[in-house]
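Pasted below: final01.csv, CSV, C-alpha atoms.
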chain,number,residue,atom,x,y,z
A,1,MET,CA,-41.7,-46.2,18.4
A,2,THR,CA,-45.0,-44.5,19.1
A,3,LYS,CA,-46.3,-45.0,22.6
A,4,VAL,CA,-49.9,-45.9,23.1
A,5,GLN,CA,-51.8,-45.0,26.2
A,6,LYS,CA,-54.2,-47.6,27.5
A,7,THR,CA,-57.8,-46.5,27.9
A,8,ASN,CA,-60.5,-47.6,30.3
A,9,ARG,CA,-63.0,-49.7,28.3
A,10,SER,CA,-65.9,-48.3,30.2
A,11,ALA,CA,-65.2,-44.8,29.0
A,12,LEU,CA,-63.7,-44.9,25.5
A,13,PRO,CA,-63.3,-41.8,23.4
A,14,VAL,CA,-65.4,-43.5,20.7
A,15,ASP,CA,-68.4,-43.2,23.0
A,16,ASP,CA,-68.3,-39.4,22.6
A,17,LEU,CA,-68.2,-39.4,18.8
A,18,PRO,CA,-71.3,-38.7,16.7
A,19,ARG,CA,-73.2,-41.9,16.2
A,20,VAL,CA,-73.9,-42.7,12.5
A,21,THR,CA,-75.9,-45.6,11.2
A,22,SER,CA,-75.0,-47.0,7.8
A,23,GLY,CA,-76.1,-45.0,4.8
A,24,THR,CA,-75.8,-45.1,1.1
A,25,GLY,CA,-72.6,-43.1,0.8
A,26,PHE,CA,-71.3,-41.9,-2.5
A,27,GLY,CA,-72.5,-44.0,-5.5
A,28,PHE,CA,-70.2,-42.8,-8.3
A,29,LEU,CA,-68.7,-46.3,-8.7
A,30,SER,CA,-72.0,-48.1,-8.2
A,31,GLY,CA,-71.9,-51.3,-10.3
A,32,VAL,CA,-68.1,-51.6,-10.1
A,33,ARG,CA,-67.0,-54.9,-8.5
A,34,VAL,CA,-63.5,-55.1,-6.9
A,35,VAL,CA,-61.9,-58.4,-5.9
A,36,ASP,CA,-59.4,-57.6,-3.2
A,37,LEU,CA,-56.7,-60.1,-2.2
A,38,THR,CA,-54.6,-57.6,-0.3
A,39,THR,CA,-53.6,-57.5,3.4
A,40,SER,CA,-52.0,-55.0,5.9
A,41,VAL,CA,-52.6,-51.3,5.0
A,42,ALA,CA,-51.7,-50.1,1.5
A,43,GLY,CA,-54.0,-52.5,-0.5
A,44,PRO,CA,-56.9,-52.4,2.0
A,45,TYR,CA,-56.7,-48.6,2.1
A,46,ALA,CA,-56.8,-48.5,-1.7
A,47,THR,CA,-59.9,-50.7,-1.9
A,48,MET,CA,-61.6,-48.8,0.9
A,49,LEU,CA,-61.2,-45.6,-1.0
A,50,LEU,CA,-62.9,-47.3,-4.0
A,51,ALA,CA,-65.6,-48.6,-1.7
A,52,GLU,CA,-66.2,-45.1,-0.3
A,53,PHE,CA,-67.0,-44.0,-3.8
A,54,GLY,CA,-69.5,-46.8,-4.3
A,55,ALA,CA,-67.6,-49.8,-5.5
A,56,GLU,CA,-68.5,-53.3,-4.2
A,57,VAL,CA,-65.3,-54.6,-2.7
A,58,ILE,CA,-65.1,-58.4,-2.0
A,59,LYS,CA,-62.2,-59.0,0.3
A,60,VAL,CA,-60.9,-62.5,-0.2
A,61,GLU,CA,-59.1,-63.8,2.9
A,62,ARG,CA,-57.4,-67.0,4.1
A,63,SER,CA,-58.9,-68.7,7.2
A,64,SER,CA,-56.6,-66.7,9.5
A,65,GLY,CA,-57.6,-63.5,7.8
A,66,ASP,CA,-55.8,-60.3,6.8
A,67,ASP,CA,-52.6,-59.9,8.7
A,68,ALA,CA,-53.9,-56.6,10.1
A,69,ARG,CA,-56.7,-58.4,11.9
A,70,HIS,CA,-54.0,-59.5,14.4
A,71,TRP,CA,-52.2,-56.1,14.7
A,72,GLY,CA,-53.0,-55.3,18.3
A,73,PRO,CA,-53.6,-54.4,21.0
A,74,PRO,CA,-55.6,-52.2,20.9
A,75,PHE,CA,-58.7,-54.2,20.0
A,76,LEU,CA,-62.3,-53.1,20.2
A,77,ASP,CA,-65.0,-55.8,20.5
A,78,GLY,CA,-62.5,-58.3,19.2
A,79,GLN,CA,-61.5,-56.3,16.2
A,80,ALA,CA,-58.0,-54.8,15.7
A,81,LEU,CA,-58.4,-51.1,15.3
A,82,TRP,CA,-55.7,-50.9,12.6
A,83,PHE,CA,-57.8,-53.3,10.6
A,84,THR,CA,-61.1,-51.5,11.1
A,85,ALA,CA,-59.4,-48.2,10.1
A,86,VAL,CA,-59.0,-49.3,6.4
A,87,ASN,CA,-61.7,-51.9,5.8
A,88,ARG,CA,-65.2,-50.5,6.0
A,89,ASN,CA,-67.8,-51.0,3.2
A,90,LYS,CA,-66.3,-54.4,2.3
A,91,LYS,CA,-67.5,-58.0,2.1
A,92,SER,CA,-65.3,-60.7,3.5
A,93,VAL,CA,-65.1,-64.1,1.8
A,94,VAL,CA,-62.8,-66.9,3.0
A,95,LEU,CA,-61.4,-69.1,0.3
A,96,ASP,CA,-58.8,-71.8,0.2
A,97,LEU,CA,-56.9,-71.0,-3.0
A,98,LYS,CA,-54.9,-74.2,-2.7
A,99,SER,CA,-58.0,-76.3,-3.2
A,100,ASP,CA,-59.7,-76.8,-6.6
A,101,ASP,CA,-63.0,-75.5,-5.2
A,102,GLY,CA,-61.4,-72.4,-3.8
A,103,ARG,CA,-59.5,-71.7,-7.0
A,104,ASN,CA,-62.6,-72.2,-9.1
A,105,ASP,CA,-64.6,-69.9,-6.8
A,106,LEU,CA,-61.9,-67.2,-7.1
A,107,GLU,CA,-61.9,-67.5,-10.9
A,108,LYS,CA,-65.7,-67.1,-10.9
A,109,LEU,CA,-65.4,-64.0,-8.7
A,110,VAL,CA,-62.7,-62.5,-11.0
A,111,ALA,CA,-64.9,-63.2,-14.1
A,112,SER,CA,-67.6,-61.1,-12.4
A,113,ALA,CA,-65.3,-58.3,-11.4
A,114,ASP,CA,-64.0,-55.1,-12.9
A,115,VAL,CA,-60.9,-54.6,-10.7
A,116,PHE,CA,-58.5,-57.1,-9.2
A,117,VAL,CA,-56.1,-55.9,-6.5
A,118,THR,CA,-53.1,-57.8,-5.1
A,119,ASN,CA,-50.1,-56.9,-2.9
A,120,GLN,CA,-48.0,-60.0,-3.5
A,121,PRO,CA,-44.5,-59.6,-5.1
A,122,LEU,CA,-44.4,-60.7,-8.8
A,123,ASP,CA,-42.8,-64.1,-8.1
A,124,VAL,CA,-45.5,-65.0,-5.6
A,125,GLN,CA,-48.2,-63.7,-8.0
A,126,ARG,CA,-46.8,-66.1,-10.6
A,127,LYS,CA,-46.5,-69.0,-8.1
A,128,LEU,CA,-50.2,-68.6,-7.2
A,129,GLY,CA,-51.2,-68.1,-10.8
A,130,LEU,CA,-52.5,-64.6,-9.9
A,131,ASP,CA,-50.2,-62.4,-12.0
A,132,TYR,CA,-51.6,-60.1,-14.7
A,133,GLU,CA,-51.6,-62.6,-17.6
A,134,SER,CA,-53.2,-65.3,-15.5
A,135,VAL,CA,-55.9,-63.0,-14.2
A,136,LYS,CA,-56.5,-61.4,-17.6
A,137,ALA,CA,-57.2,-64.9,-18.8
A,138,MET,CA,-60.1,-65.0,-16.3
A,139,ARG,CA,-61.5,-61.7,-17.5
A,140,ASP,CA,-59.9,-60.0,-20.5
A,141,ASP,CA,-60.9,-56.4,-19.6
A,142,ILE,CA,-59.9,-56.6,-16.0
A,143,VAL,CA,-58.2,-53.7,-14.3
A,144,PHE,CA,-55.3,-55.4,-12.5
A,145,VAL,CA,-53.8,-53.4,-9.6
A,146,SER,CA,-50.5,-54.6,-8.1
A,147,ILE,CA,-49.2,-52.8,-5.0
A,148,THR,CA,-45.8,-54.0,-4.0
A,149,GLY,CA,-42.7,-52.6,-2.2
A,150,PHE,CA,-40.5,-52.1,-5.3
A,151,GLY,CA,-42.7,-52.6,-8.4
A,152,LEU,CA,-43.1,-55.4,-10.8
A,153,ASN,CA,-39.7,-55.0,-12.5
A,154,GLY,CA,-36.1,-54.2,-11.6
A,155,ALA,CA,-33.6,-55.9,-9.4
A,156,ARG,CA,-35.7,-55.4,-6.2
A,157,SER,CA,-39.0,-56.6,-7.6
A,158,GLY,CA,-38.9,-59.9,-5.7
A,159,MET,CA,-38.2,-58.3,-2.3
A,160,THR,CA,-40.8,-58.0,0.4
A,161,CYS,CA,-41.4,-54.6,2.0
A,162,TYR,CA,-43.3,-52.8,4.7
A,163,ASP,CA,-44.0,-49.1,5.2
A,164,LEU,CA,-40.9,-48.8,7.5
A,165,ILE,CA,-38.6,-50.2,4.8
A,166,ALA,CA,-40.1,-47.9,2.1
A,167,GLU,CA,-39.6,-44.8,4.3
A,168,GLY,CA,-36.0,-45.7,4.6
A,169,TYR,CA,-35.5,-46.3,0.9
A,170,SER,CA,-37.3,-43.1,0.0
A,171,GLY,CA,-35.1,-40.7,2.0
A,172,ILE,CA,-37.9,-39.3,4.2
A,173,MET,CA,-36.4,-40.9,7.3
A,174,ASP,CA,-33.0,-39.3,6.8
A,175,ILE,CA,-34.5,-35.8,6.8
A,176,THR,CA,-37.0,-36.4,9.6
A,177,GLY,CA,-36.0,-35.4,13.1
A,178,THR,CA,-33.4,-33.1,14.7
A,179,ALA,CA,-29.8,-32.8,13.6
A,180,ASP,CA,-28.5,-34.4,16.8
A,181,ALA,CA,-31.0,-37.4,16.7
A,182,PRO,CA,-31.1,-40.5,14.6
A,183,PRO,CA,-33.3,-40.7,11.5
A,184,GLN,CA,-37.0,-41.0,12.4
A,185,LYS,CA,-39.9,-42.8,10.8
A,186,ILE,CA,-43.0,-40.7,10.2
A,187,GLY,CA,-45.5,-41.3,13.0
A,188,ALA,CA,-48.0,-42.9,10.6
A,189,PRO,CA,-47.8,-45.5,7.8
A,190,ALA,CA,-47.2,-42.8,5.2
A,191,ALA,CA,-45.8,-45.0,2.4
A,192,ASP,CA,-48.8,-47.4,2.8
A,193,MET,CA,-51.3,-44.7,2.7
A,194,LEU,CA,-49.7,-42.8,-0.2
A,195,ALA,CA,-49.4,-46.0,-2.2
A,196,GLY,CA,-53.0,-46.9,-1.4
A,197,GLN,CA,-54.2,-43.5,-2.6
A,198,ASP,CA,-52.1,-43.8,-5.7
A,199,ALA,CA,-53.6,-47.2,-6.5
A,200,ALA,CA,-57.1,-45.9,-6.1
A,201,MET,CA,-56.4,-42.8,-8.2
A,202,ALA,CA,-54.9,-44.9,-11.0
A,203,THR,CA,-57.8,-47.3,-10.8
A,204,LEU,CA,-60.3,-44.5,-11.3
A,205,ALA,CA,-58.3,-43.2,-14.3
A,206,VAL,CA,-58.1,-46.6,-15.9
A,207,LEU,CA,-61.8,-47.3,-15.3
A,208,CYS,CA,-62.6,-44.1,-17.2
A,209,ASP,CA,-60.3,-45.2,-20.0
A,210,ARG,CA,-62.0,-48.6,-20.1
A,211,MET,CA,-65.3,-47.0,-20.7
A,212,ARG,CA,-64.0,-45.5,-23.9
A,213,THR,CA,-61.7,-48.4,-25.1
A,214,GLY,CA,-63.1,-51.5,-23.5
A,215,LYS,CA,-59.6,-52.4,-22.5
A,216,GLY,CA,-58.3,-53.4,-19.1
A,217,ARG,CA,-54.8,-52.3,-17.9
A,218,LEU,CA,-52.0,-53.4,-15.6
A,219,ILE,CA,-51.4,-50.8,-12.8
A,220,ASP,CA,-48.1,-51.1,-11.0
A,221,ILE,CA,-47.8,-49.3,-7.7
A,222,SER,CA,-44.6,-49.3,-5.6
A,223,LEU,CA,-44.5,-48.2,-1.9
A,224,VAL,CA,-41.0,-46.9,-2.4
A,225,GLU,CA,-41.9,-44.9,-5.4
A,226,SER,CA,-45.1,-43.4,-3.9
A,227,MET,CA,-43.0,-42.4,-0.8
A,228,THR,CA,-40.2,-41.0,-3.0
A,229,ARG,CA,-42.6,-38.9,-4.9
A,230,PHE,CA,-43.7,-37.4,-1.6
A,231,LEU,CA,-40.2,-35.9,-1.4
A,232,SER,CA,-40.5,-34.3,-4.9
A,233,CYS,CA,-39.7,-30.8,-3.7
A,234,ARG,CA,-36.7,-31.9,-1.7
A,235,ILE,CA,-35.3,-34.1,-4.4
A,236,SER,CA,-35.9,-31.5,-7.1
A,237,SER,CA,-33.9,-29.0,-4.9
A,238,TYR,CA,-31.0,-31.4,-4.6
A,239,LEU,CA,-31.0,-32.2,-8.3
A,240,GLY,CA,-30.9,-28.6,-9.3
A,241,SER,CA,-28.5,-27.3,-6.7
A,242,GLY,CA,-26.4,-30.2,-5.4
A,243,GLU,CA,-27.4,-29.3,-1.8
A,244,ILE,CA,-28.3,-32.4,0.2
A,245,PRO,CA,-31.0,-31.7,2.8
A,246,GLU,CA,-30.2,-32.5,6.4
A,247,ARG,CA,-32.3,-33.2,9.5
A,248,SER,CA,-33.1,-30.0,11.2
A,249,GLY,CA,-36.2,-30.7,13.3
A,250,GLY,CA,-38.4,-29.0,10.8
A,251,THR,CA,-36.6,-25.7,11.0
A,252,ASP,CA,-34.9,-25.7,7.6
A,253,SER,CA,-37.1,-24.9,4.6
A,254,VAL,CA,-36.9,-23.1,1.3
A,255,ILE,CA,-39.4,-20.7,3.0
A,256,ALA,CA,-37.4,-18.6,5.4
A,257,ILE,CA,-39.6,-18.7,8.4
A,258,TYR,CA,-41.5,-22.0,8.4
A,259,GLN,CA,-41.2,-23.8,11.7
A,260,ALA,CA,-42.4,-24.3,15.3
A,261,PHE,CA,-42.0,-21.8,18.0
A,262,GLU,CA,-42.5,-21.8,21.8
A,263,THR,CA,-45.1,-19.5,23.5
A,264,ALA,CA,-45.8,-18.9,27.1
A,265,ASP,CA,-47.5,-22.3,27.4
A,266,LEU,CA,-47.7,-24.4,24.2
A,267,PRO,CA,-45.9,-24.5,20.9
A,268,ILE,CA,-47.3,-23.2,17.6
A,269,THR,CA,-46.4,-23.5,14.0
A,270,LEU,CA,-45.8,-20.4,11.9
A,271,GLY,CA,-45.3,-20.0,8.2
A,272,LEU,CA,-44.3,-16.6,6.7
A,273,GLY,CA,-44.5,-17.8,3.1
A,274,SER,CA,-44.8,-14.6,1.2
A,275,ASP,CA,-43.8,-10.9,1.3
A,276,ALA,CA,-47.4,-9.9,2.0
A,277,ILE,CA,-47.6,-12.3,5.0
A,278,TRP,CA,-44.2,-11.2,6.2
A,279,ARG,CA,-45.4,-7.6,6.3
A,280,ARG,CA,-48.7,-8.5,8.0
A,281,PHE,CA,-46.9,-10.5,10.6
A,282,TRP,CA,-44.7,-7.6,11.8
A,283,GLU,CA,-47.7,-5.2,11.7
A,284,THR,CA,-49.6,-7.7,13.9
A,285,VAL,CA,-46.8,-8.1,16.5
A,286,GLY,CA,-46.1,-4.4,16.5
A,287,ASP,CA,-42.6,-4.4,15.2
A,288,VAL,CA,-42.9,-3.0,11.7
A,289,GLU,CA,-39.4,-1.5,11.8
A,290,PHE,CA,-37.7,-4.9,12.3
A,291,GLY,CA,-39.7,-6.4,9.4
A,292,GLN,CA,-38.8,-3.5,7.1
A,293,ARG,CA,-35.0,-3.9,7.5
A,294,GLU,CA,-33.3,-3.9,4.1
A,295,GLU,CA,-31.5,-7.1,4.7
A,296,PHE,CA,-34.9,-8.9,5.1
A,297,ALA,CA,-36.4,-7.6,1.8
A,298,SER,CA,-36.8,-11.0,0.1
A,299,ASN,CA,-37.3,-14.6,1.0
A,300,ALA,CA,-33.7,-15.4,-0.2
A,301,ALA,CA,-32.4,-12.6,2.0
A,302,ARG,CA,-34.4,-13.7,5.0
A,303,ARG,CA,-32.9,-17.2,4.6
A,304,ASP,CA,-29.4,-15.7,4.9
A,305,HIS,CA,-30.5,-14.1,8.2
A,306,ARG,CA,-32.8,-16.9,9.4
A,307,ALA,CA,-31.1,-17.5,12.8
A,308,GLU,CA,-31.4,-13.8,13.7
A,309,ILE,CA,-35.0,-13.6,12.7
A,310,VAL,CA,-36.0,-16.8,14.5
A,311,ALA,CA,-34.3,-15.7,17.7
A,312,HIS,CA,-36.1,-12.3,17.6
A,313,ILE,CA,-39.5,-13.9,16.9
A,314,GLN,CA,-39.0,-16.4,19.7
A,315,SER,CA,-38.1,-13.7,22.1
A,316,PHE,CA,-41.5,-12.1,22.0
A,317,LEU,CA,-43.8,-15.1,21.3
A,318,LYS,CA,-42.9,-16.4,24.8
A,319,ALA,CA,-44.6,-13.3,26.3
A,320,ALA,CA,-48.2,-14.6,25.6
A,321,ARG,CA,-50.1,-17.9,25.5
A,322,ARG,CA,-50.7,-20.0,22.4
A,323,GLU,CA,-54.4,-19.1,22.0
A,324,THR,CA,-53.7,-15.4,22.3
A,325,TRP,CA,-51.2,-15.6,19.4
A,326,LEU,CA,-53.4,-17.9,17.3
A,327,GLU,CA,-56.4,-15.6,17.6
A,328,ARG,CA,-54.3,-12.6,16.6
A,329,PHE,CA,-52.7,-14.4,13.7
A,330,ALA,CA,-56.0,-15.8,12.4
A,331,ARG,CA,-57.5,-12.3,12.3
A,332,ALA,CA,-54.5,-11.1,10.3
A,333,ARG,CA,-54.6,-14.1,8.0
A,334,ILE,CA,-51.2,-15.3,9.1
A,335,PRO,CA,-50.7,-19.1,8.7
A,336,ALA,CA,-50.2,-20.4,12.2
A,337,GLY,CA,-51.6,-23.3,14.2
A,338,PRO,CA,-51.2,-25.6,17.2
A,339,ILE,CA,-49.3,-28.8,17.4
A,340,ASN,CA,-52.1,-31.2,18.4
A,341,ARG,CA,-51.9,-34.5,20.1
A,342,VAL,CA,-54.0,-37.3,18.5
A,343,ASP,CA,-56.7,-36.9,21.2
A,344,GLU,CA,-56.9,-33.2,20.4
A,345,VAL,CA,-57.3,-33.9,16.7
A,346,ALA,CA,-60.1,-36.4,17.3
A,347,ASN,CA,-61.9,-33.9,19.5
A,348,ASP,CA,-61.5,-31.0,17.0
A,349,ALA,CA,-65.0,-29.6,16.7
A,350,ASP,CA,-64.5,-28.3,13.1
A,351,LEU,CA,-63.2,-31.6,11.9
A,352,GLN,CA,-66.1,-33.4,13.6
A,353,GLU,CA,-68.6,-31.1,12.0
A,354,ARG,CA,-67.1,-31.9,8.6
A,355,GLY,CA,-67.6,-35.6,9.2
A,356,MET,CA,-64.0,-36.6,9.8
A,357,PHE,CA,-64.7,-38.7,13.0
A,358,TYR,CA,-67.7,-40.8,13.8
A,359,ALA,CA,-68.8,-44.0,15.5
A,360,LEU,CA,-70.4,-46.3,13.0
A,361,GLU,CA,-73.2,-48.5,14.3
A,362,GLY,CA,-73.9,-52.0,13.0
A,363,GLU,CA,-76.1,-54.9,13.9
A,364,ASN,CA,-76.4,-56.1,17.4
A,365,GLY,CA,-75.1,-52.8,18.8
A,366,ALA,CA,-71.6,-53.1,17.4
A,367,VAL,CA,-69.8,-49.8,17.1
A,368,GLN,CA,-66.5,-49.0,15.5
A,369,PRO,CA,-64.7,-45.6,15.3
A,370,GLN,CA,-64.2,-44.4,11.7
A,371,ILE,CA,-62.1,-41.7,10.1
A,372,GLY,CA,-64.0,-40.0,7.3
A,373,LEU,CA,-62.9,-39.7,3.7
A,374,GLY,CA,-62.2,-36.0,4.0
A,375,ILE,CA,-63.7,-35.3,0.6
A,376,GLN,CA,-67.0,-33.5,0.1
A,377,VAL,CA,-69.1,-33.6,-3.1
A,378,ASP,CA,-71.9,-31.1,-3.5
A,379,GLY,CA,-71.6,-30.2,0.1
A,380,ALA,CA,-72.0,-33.8,1.3
A,381,TYR,CA,-69.5,-36.3,2.7
A,382,SER,CA,-69.7,-40.1,2.2
A,383,VAL,CA,-71.5,-42.1,4.9
A,384,ALA,CA,-70.2,-45.6,5.4
A,385,ARG,CA,-72.5,-48.4,4.1
A,386,SER,CA,-71.3,-51.0,6.5
A,387,LEU,CA,-68.9,-51.8,9.3
A,388,PRO,CA,-65.5,-53.5,8.6
A,389,PRO,CA,-66.5,-57.1,8.0
A,390,ARG,CA,-65.9,-60.0,10.3
A,391,LEU,CA,-63.7,-62.7,8.9
A,392,GLY,CA,-65.7,-64.7,6.3
A,393,GLU,CA,-68.9,-62.8,7.1
A,394,HIS,CA,-70.1,-62.8,3.5
A,395,THR,CA,-68.8,-66.1,2.3
A,396,ASP,CA,-72.1,-67.9,2.1
A,397,ALA,CA,-73.9,-65.0,0.5
A,398,ILE,CA,-71.3,-64.6,-2.2
A,399,MET,CA,-71.1,-68.4,-2.8
A,400,ARG,CA,-74.9,-68.5,-3.3
A,401,GLU,CA,-74.6,-65.7,-5.9
A,402,LEU,CA,-71.8,-67.6,-7.7
A,403,HIS,CA,-73.4,-71.0,-7.6
A,404,GLY,CA,-77.0,-70.3,-7.2
A,405,GLN,CA,-77.1,-72.3,-3.9
A,406,GLU,CA,-75.7,-72.1,-0.4
A,407,LYS,CA,-72.1,-73.5,-0.2
A,408,PRO,CA,-70.2,-73.9,3.0
A,409,ALA,CA,-67.1,-71.8,3.6
A,410,VAL,CA,-63.8,-73.4,2.7
A,411,THR,CA,-60.7,-72.8,4.6
A,412,GLU,CA,-57.0,-72.1,4.8
A,413,ILE,CA,-54.5,-70.7,2.4
A,414,ASP,CA,-51.1,-69.3,3.1
Before we go any further, please render this structure as structure tokens.
Amino acid sequence: MTKVQKTNRSALPVDDLPRVTSGTGFGFLSGVRVVDLTTSVAGPYATMLLAEFGAEVIKVERSSGDDARHWGPPFLDGQALWFTAVNRNKKSVVLDLKSDDGRNDLEKLVASADVFVTNQPLDVQRKLGLDYESVKAMRDDIVFVSITGFGLNGARSGMTCYDLIAEGYSGIMDITGTADAPPQKIGAPAADMLAGQDAAMATLAVLCDRMRTGKGRLIDISLVESMTRFLSCRISSYLGSGEIPERSGGTDSVIAIYQAFETADLPITLGLGSDAIWRRFWETVGDVEFGQREEFASNAARRDHRAEIVAHIQSFLKAARRETWLERFARARIPAGPINRVDEVANDADLQERGMFYALEGENGAVQPQIGLGIQVDGAYSVARSLPPRLGEHTDAIMRELHGQEKPAVTEID
């Protein structure tokens, strides 16, 4: 389990980030309305991506809110930071879907929407009357997005799932870690984030199709399948060779030299992925003769002699500090880099310059750290339109829009 260091509230890293006030952001999906009934990470990440490109996302929550609102500590100004990481640019509406009023309000919302997103298993979707056929009856051309652990059909379709479970099913945990250690989870919610990205990508594709055909579609995203596709190269290798990959601490790869090495102070990563890079490497380190040995003439040959090559590289990398090697390798166009801690990533000047990390300011001096989209269009990156919403923050405004008058927020669903 990842250890989290506590930080003094009076001197938080967020205070050192560039301050950004809300902007217009990308507007490519302007006019697209998304009704989002998801919780946790995968679904909210999918809808945040759509919001980043300009969609209006209405986040429908029960009175206790999205589960991730309670995933802490750490919290900042009463908000769980896992929640705020994947929920900017949204409007929060609290509805009681067990009440007639709440149900009617949801149906009005769906009738006004282009996209509907849920992360409930199929049996729960049907129980709530929020499966594809039921929602399609509310709006015939709706783009219906289901994000579940195992998909909408098959023997496991009714099972619940989290990122951890999906990583276990996918095989990624079995090949992560060292040979003498137990299987390890990736240090981030990889299945959630991949499934969320898949859902957003599929939604964009179907919206494009709807412009031509006028038809909505059912999109079925599975955490396990998104995570499994992440292993495509590994699985393909097994299917075509019969060789089962094993945990090796990141030292075993189809590329002969593709791993971490120690230096005089801090480790580096090094990838000698082509014959040209192989030659440049040995020229750079001043050992051309070793690199030109006949038994190292191809990647396949170098794999056969991997242990010898690794030991030789390690013997001289320890003679100089990390930055010395990284500077030399950068000049020679040799793929190499540091192994950064999270705080080092957040303080990376190049990433900050490209808009990856910023502190988003809202009303009343509220500030939340945000991680950028990492996508630039015409040399610009998206600027968030609004902070992650407080629970029910937009209920009255949305109800006024639906009913033409102010309507009090209703409460509680499971």
With only C-alpha atoms as the basis for distance, which of A:Glu393, A:Glu353, A:Glu323, A:Glu56 is at the shortest distance from Ala264 of chain A? A:Glu323
Interatomic distance between atom CA of Ser92 of chain A and atom CA of Gly392 of chain A? 4.9 Å
Could you pull the residues within 10 Å of Gly355 of chain A, counting all atoms listed in the file, minus those fewer than 2 positions along the same chain, as an MDAnalysis selection string? chainID A and resid 18 349:353 357:358 370:376 380:383
So which one's closest to Leu152 of chain A, A:Leu50, A:Leu204, A:Ala297, A:Leu218? Using only C-alpha atoms, please. A:Leu218
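Each of A:Ser30, A:Thr284, A:Thr118, A:Ser40 was checked against Asn87 of chain A using only C-alpha atoms; the smallest atom-to-atom distance is that of A:Ser40.
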Shell around segment 60-64 of chain A at 10 Å using all atoms listed in the file, local window under 2 positions removed, as a ChimeraX atom specification: /A:35-39,57-58,66-67,69-70,91-97,106,109,391-392,394-395,409-414
Provide the atom CA of Val342 of chain A to atom CA of Gly187 of chain A distance in Å, to one decimal place. 10.9 Å
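Of the residues under consideration (A:Ala300, A:Ile142, A:Leu387, A:Leu29), A:Ile142 shows the shortest atom-to-atom contact distance to Gly214 of chain A when counting all atoms listed in the file.
Pairwise distance (atom CA of Arg279 of chain A, atom CA of Phe316 of chain A) equals 16.8 Å.
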Determine, counting all atoms listed in the file, which protein, DNA and RNA residues have an atom within 12 Å of an atom of Ala80 of chain A; residues of the same chain fewer than 3 positions away are not included. Present the result as a VMD selection string. chain A and resid 40 65 to 77 83 to 87 368 to 369 388 to 391
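The residue set within 12 Å of Arg156 of chain A, counting all atoms listed in the file and dropping same-chain residues fewer than 6 places from it, reads Pro121, Leu122, Asp123, Thr148, Gly149, Phe150, Tyr169, Ser222 and Val224 of chain A.
With distances taken over all atoms listed in the file, A:Lys108 is the one residue among A:Leu270, A:Gly54, A:Val34, A:Lys108 lying closest to Met399 of chain A.
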What's the 9 Å shell around Arg321 of chain A, counting all atoms listed in the file, without same-chain residues fewer than 2 positions away, as a PDB file with C-alpha atoms, keeping the file's coordinate frame?
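Printed below is around_4.pdb as written:
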ATOM      1  CA  THR A 263     -45.100 -19.500  23.500  1.00  0.00           C
ATOM      2  CA  ALA A 264     -45.800 -18.900  27.100  1.00  0.00           C
ATOM      3  CA  ASP A 265     -47.500 -22.300  27.400  1.00  0.00           C
ATOM      4  CA  LEU A 266     -47.700 -24.400  24.200  1.00  0.00           C
ATOM      5  CA  LEU A 317     -43.800 -15.100  21.300  1.00  0.00           C
ATOM      6  CA  LYS A 318     -42.900 -16.400  24.800  1.00  0.00           C
ATOM      7  CA  ALA A 319     -44.600 -13.300  26.300  1.00  0.00           C
ATOM      8  CA  GLU A 323     -54.400 -19.100  22.000  1.00  0.00           C
ATOM      9  CA  THR A 324     -53.700 -15.400  22.300  1.00  0.00           C
ATOM     10  CA  TRP A 325     -51.200 -15.600  19.400  1.00  0.00           C
ATOM     11  CA  LEU A 326     -53.400 -17.900  17.300  1.00  0.00           C
TER      12      LEU A 326
END
Best match for closeness to Ala311 of chain A among A:Trp282, A:Ala55, A:Arg328, A:Glu262, counting all atoms listed in the file: A:Glu262
